[in-house]
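Here is the structure we will look at.
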Amino acid sequence: MLFAFICTDKPGHLNVRMETRPAHLEHLNKLNAEGTLKIAGPFLDADGKPCGSLVIVKADSIEAAQAIADADPYTKAGLFEKVEVKPYNWVFNNPEA
């Protein structure tokens, strides 16, 4: 099953995002190598600067997906104001469909 993480950065925390980015990318690369990661990337504000994230993963349950979200270095660094974990159905352009 797929789950989407819809993450909103805390205002004024771009420095936290940039400082934590190498560890975050390492985390995502590991998930990708395991076949868990499906899609990931930042949301952008009106100035084109990152202000949140969208991550879609494959997990057995919402609890397992939440554990993946909680393990993200961005989450551990306190970057996010809010993280929603929602079941996701990839209908169009899904290469595995």
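Labels for the structure tokens follow display order: chains A, B, ..., residues from 1 in each chain, ligands from 1.
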
* Within 9 Å of segment 41-53 of chain A, counting only C-alpha atoms, which residues qualify if same-chain residues fewer than 2 places away don't, as a ChimeraX atom specification? -> /A:5-11,13-14,17,39,55,79-80

Output N, CA and C atoms for every residue in that selection, as a PDB file, in the first residue's frame.
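Saved result, again_17.pdb, follows:
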```
ATOM      1  N   PHE A   5       3.234  11.416   2.583  1.00  0.00           N
ATOM      2  CA  PHE A   5       3.583  12.289   3.700  1.00  0.00           C
ATOM      3  C   PHE A   5       3.483  13.713   3.165  1.00  0.00           C
ATOM      4  N   ILE A   6       2.597  14.493   3.719  1.00  0.00           N
ATOM      5  CA  ILE A   6       2.432  15.888   3.335  1.00  0.00           C
ATOM      6  C   ILE A   6       2.982  16.709   4.491  1.00  0.00           C
ATOM      7  N   CYS A   7       4.135  17.290   4.262  1.00  0.00           N
ATOM      8  CA  CYS A   7       4.902  17.934   5.333  1.00  0.00           C
ATOM      9  C   CYS A   7       4.961  19.442   5.107  1.00  0.00           C
ATOM     10  N   THR A   8       4.690  20.192   6.157  1.00  0.00           N
ATOM     11  CA  THR A   8       4.740  21.645   6.117  1.00  0.00           C
ATOM     12  C   THR A   8       5.863  22.128   7.024  1.00  0.00           C
ATOM     13  N   ASP A   9       6.781  22.900   6.451  1.00  0.00           N
ATOM     14  CA  ASP A   9       7.891  23.433   7.252  1.00  0.00           C
ATOM     15  C   ASP A   9       7.395  24.484   8.240  1.00  0.00           C
ATOM     16  N   LYS A  10       8.076  24.571   9.362  1.00  0.00           N
ATOM     17  CA  LYS A  10       7.840  25.676  10.289  1.00  0.00           C
ATOM     18  C   LYS A  10       8.334  26.960   9.628  1.00  0.00           C
ATOM     19  N   PRO A  11       7.628  28.067   9.798  1.00  0.00           N
ATOM     20  CA  PRO A  11       8.103  29.335   9.236  1.00  0.00           C
ATOM     21  C   PRO A  11       9.498  29.675   9.774  1.00  0.00           C
ATOM     22  N   HIS A  13      12.363  28.335   9.059  1.00  0.00           N
ATOM     23  CA  HIS A  13      13.237  27.188   9.317  1.00  0.00           C
ATOM     24  C   HIS A  13      13.994  26.708   8.079  1.00  0.00           C
ATOM     25  N   LEU A  14      14.147  27.575   7.070  1.00  0.00           N
ATOM     26  CA  LEU A  14      14.878  27.170   5.876  1.00  0.00           C
ATOM     27  C   LEU A  14      16.308  26.750   6.227  1.00  0.00           C
ATOM     28  N   ARG A  17      16.317  23.179   7.262  1.00  0.00           N
ATOM     29  CA  ARG A  17      16.182  22.329   6.076  1.00  0.00           C
ATOM     30  C   ARG A  17      17.539  22.185   5.380  1.00  0.00           C
ATOM     31  N   ILE A  39       8.135   8.461  -4.574  1.00  0.00           N
ATOM     32  CA  ILE A  39       8.247   9.846  -5.042  1.00  0.00           C
ATOM     33  C   ILE A  39       8.678  10.699  -3.850  1.00  0.00           C
ATOM     34  N   VAL A  55       6.367  13.186   0.179  1.00  0.00           N
ATOM     35  CA  VAL A  55       7.078  11.913   0.100  1.00  0.00           C
ATOM     36  C   VAL A  55       6.016  10.825  -0.014  1.00  0.00           C
ATOM     37  N   LEU A  79      12.079  20.316  11.749  1.00  0.00           N
ATOM     38  CA  LEU A  79      11.781  21.188  10.613  1.00  0.00           C
ATOM     39  C   LEU A  79      10.284  21.387  10.401  1.00  0.00           C
ATOM     40  N   PHE A  80       9.519  20.333  10.598  1.00  0.00           N
ATOM     41  CA  PHE A  80       8.119  20.371  10.183  1.00  0.00           C
ATOM     42  C   PHE A  80       7.179  20.907  11.256  1.00  0.00           C
TER      43      PHE A  80
END
```

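With only C-alpha atoms as the atoms that count, the residue of A:Pro22, A:Phe3, A:Pro95, A:Gly12 with the shortest distance to Pro73 of chain A is A:Pro22.
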
* To do: Select from chain A everything DSSP, run on the backbone, classes as strand (DSSP E), then give the selection as a ChimeraX atom specification.
  => /A:2-9,37-44,50-58,80-88

* Neighbours of Asp72 of chain A within 9 Å (only C-alpha atoms; same-chain residues fewer than 5 positions away dropped), as a ChimeraX atom specification? -> /A:23-24,27-28,67,77

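The space separating atom CA of Lys58 of chain A from atom CA of Met18 of chain A comes to 26.1 Å.
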
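The smallest atom-to-atom distance between Ile68 of chain A and any of A:Val16, A:Leu2, A:Leu25, A:Leu31, using only C-alpha atoms, is found for A:Leu31.
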
* To do: Using only C-alpha atoms, find the one residue out of A:Asn15, A:Glu63, A:Asn93, A:Ala4 that sits nearest to Gly78 of chain A.
  => A:Asn15

* Asked: When distances are computed from only C-alpha atoms, which of A:Asn94, A:Ala33, A:Met1, A:Glu19 shows the smallest separation from Ala65 of chain A?
  -> A:Met1

* To do: Name the residues of chain A that come out as helix (DSSP H, G or I) in a backbone DSSP run; write them as JSON, numbers by chain.
  => {"A": [14, 15, 16, 17, 18, 19, 20, 21, 22, 23, 24, 25, 26, 27, 28, 29, 30, 31, 32, 33, 34, 62, 63, 64, 65, 66, 67, 68, 69, 70, 71, 73, 74, 75, 76]}

Could you please take those selected residues and save N, CA, C and O atoms as a compact mmCIF listing (two decimals), in the first residue's frame?
```txt
# COMPACT_ATOMS: atom_id res chain seq x y z
N LEU A 14 14.15 27.57 7.07
CA LEU A 14 14.88 27.17 5.88
C LEU A 14 16.31 26.75 6.23
O LEU A 14 16.84 25.80 5.66
N ASN A 15 16.91 27.41 7.21
CA ASN A 15 18.27 27.05 7.62
C ASN A 15 18.32 25.62 8.16
O ASN A 15 19.27 24.89 7.91
N VAL A 16 17.29 25.20 8.90
CA VAL A 16 17.23 23.83 9.41
C VAL A 16 17.15 22.85 8.25
O VAL A 16 17.84 21.82 8.23
N ARG A 17 16.32 23.18 7.26
CA ARG A 17 16.18 22.33 6.08
C ARG A 17 17.54 22.19 5.38
O ARG A 17 17.96 21.07 5.04
N MET A 18 18.22 23.29 5.15
CA MET A 18 19.47 23.24 4.40
C MET A 18 20.57 22.52 5.18
O MET A 18 21.34 21.75 4.61
N GLU A 19 20.63 22.73 6.50
CA GLU A 19 21.64 22.06 7.33
C GLU A 19 21.41 20.56 7.42
O GLU A 19 22.35 19.79 7.54
N THR A 20 20.15 20.16 7.37
CA THR A 20 19.78 18.75 7.56
C THR A 20 19.66 18.01 6.22
O THR A 20 19.56 16.79 6.20
N ARG A 21 19.71 18.74 5.12
CA ARG A 21 19.46 18.16 3.80
C ARG A 21 20.37 16.96 3.48
O ARG A 21 19.87 15.94 2.98
N PRO A 22 21.68 17.00 3.73
CA PRO A 22 22.49 15.82 3.40
C PRO A 22 22.01 14.54 4.11
O PRO A 22 21.93 13.48 3.49
N ALA A 23 21.67 14.63 5.38
CA ALA A 23 21.18 13.46 6.11
C ALA A 23 19.82 13.02 5.58
O ALA A 23 19.53 11.82 5.48
N HIS A 24 18.97 13.99 5.22
CA HIS A 24 17.65 13.69 4.66
C HIS A 24 17.81 12.94 3.33
O HIS A 24 17.14 11.93 3.11
N LEU A 25 18.71 13.42 2.47
CA LEU A 25 18.92 12.75 1.18
C LEU A 25 19.49 11.35 1.37
O LEU A 25 19.11 10.42 0.64
N GLU A 26 20.37 11.18 2.33
CA GLU A 26 20.91 9.85 2.63
C GLU A 26 19.78 8.91 3.06
O GLU A 26 19.71 7.75 2.63
N HIS A 27 18.88 9.42 3.89
CA HIS A 27 17.71 8.65 4.34
C HIS A 27 16.84 8.24 3.15
O HIS A 27 16.45 7.08 3.02
N LEU A 28 16.55 9.20 2.26
CA LEU A 28 15.72 8.90 1.09
C LEU A 28 16.42 7.94 0.14
O LEU A 28 15.78 7.05 -0.44
N ASN A 29 17.73 8.09 -0.03
CA ASN A 29 18.48 7.17 -0.89
C ASN A 29 18.41 5.74 -0.36
O ASN A 29 18.29 4.79 -1.14
N LYS A 30 18.46 5.58 0.96
CA LYS A 30 18.33 4.24 1.57
C LYS A 30 16.95 3.67 1.30
O LYS A 30 16.81 2.50 0.90
N LEU A 31 15.90 4.49 1.50
CA LEU A 31 14.54 4.03 1.22
C LEU A 31 14.37 3.67 -0.26
O LEU A 31 13.70 2.69 -0.59
N ASN A 32 15.00 4.45 -1.13
CA ASN A 32 14.92 4.18 -2.56
C ASN A 32 15.59 2.86 -2.91
O ASN A 32 15.04 2.05 -3.66
N ALA A 33 16.76 2.62 -2.35
CA ALA A 33 17.49 1.37 -2.60
C ALA A 33 16.71 0.15 -2.12
O ALA A 33 16.79 -0.92 -2.72
N GLU A 34 15.93 0.34 -1.05
CA GLU A 34 15.10 -0.75 -0.51
C GLU A 34 13.82 -0.96 -1.31
O GLU A 34 13.10 -1.93 -1.07
N ILE A 62 -0.39 1.90 7.95
CA ILE A 62 -0.20 3.32 8.26
C ILE A 62 0.78 3.50 9.42
O ILE A 62 1.54 4.46 9.46
N GLU A 63 0.81 2.53 10.33
CA GLU A 63 1.77 2.58 11.44
C GLU A 63 3.21 2.46 10.93
O GLU A 63 4.10 3.18 11.39
N ALA A 64 3.41 1.58 9.96
CA ALA A 64 4.75 1.42 9.37
C ALA A 64 5.13 2.68 8.60
O ALA A 64 6.28 3.13 8.66
N ALA A 65 4.17 3.26 7.90
CA ALA A 65 4.43 4.51 7.17
C ALA A 65 4.76 5.63 8.15
O ALA A 65 5.69 6.42 7.91
N GLN A 66 4.05 5.72 9.25
CA GLN A 66 4.31 6.75 10.26
C GLN A 66 5.71 6.59 10.83
O GLN A 66 6.41 7.58 11.05
N ALA A 67 6.14 5.35 11.03
CA ALA A 67 7.48 5.10 11.54
C ALA A 67 8.54 5.59 10.55
O ALA A 67 9.57 6.14 10.95
N ILE A 68 8.28 5.42 9.26
CA ILE A 68 9.21 5.92 8.23
C ILE A 68 9.25 7.44 8.28
O ILE A 68 10.33 8.05 8.24
N ALA A 69 8.09 8.08 8.38
CA ALA A 69 8.04 9.55 8.47
C ALA A 69 8.76 10.04 9.71
O ALA A 69 9.50 11.03 9.66
N ASP A 70 8.58 9.36 10.82
CA ASP A 70 9.21 9.77 12.08
C ASP A 70 10.73 9.62 12.04
O ASP A 70 11.44 10.32 12.76
N ALA A 71 11.23 8.71 11.21
CA ALA A 71 12.68 8.45 11.12
C ALA A 71 13.40 9.45 10.22
O ALA A 71 14.63 9.48 10.20
N PRO A 73 15.33 12.51 8.95
CA PRO A 73 16.14 13.52 9.64
C PRO A 73 15.48 14.90 9.72
O PRO A 73 15.69 15.62 10.70
N TYR A 74 14.69 15.28 8.73
CA TYR A 74 13.96 16.55 8.81
C TYR A 74 12.99 16.54 9.99
O TYR A 74 12.89 17.52 10.72
N THR A 75 12.29 15.43 10.17
CA THR A 75 11.36 15.32 11.30
C THR A 75 12.13 15.38 12.61
O THR A 75 11.75 16.13 13.52
N LYS A 76 13.21 14.62 12.70
CA LYS A 76 14.01 14.59 13.93
C LYS A 76 14.62 15.95 14.26
O LYS A 76 14.81 16.28 15.43
```
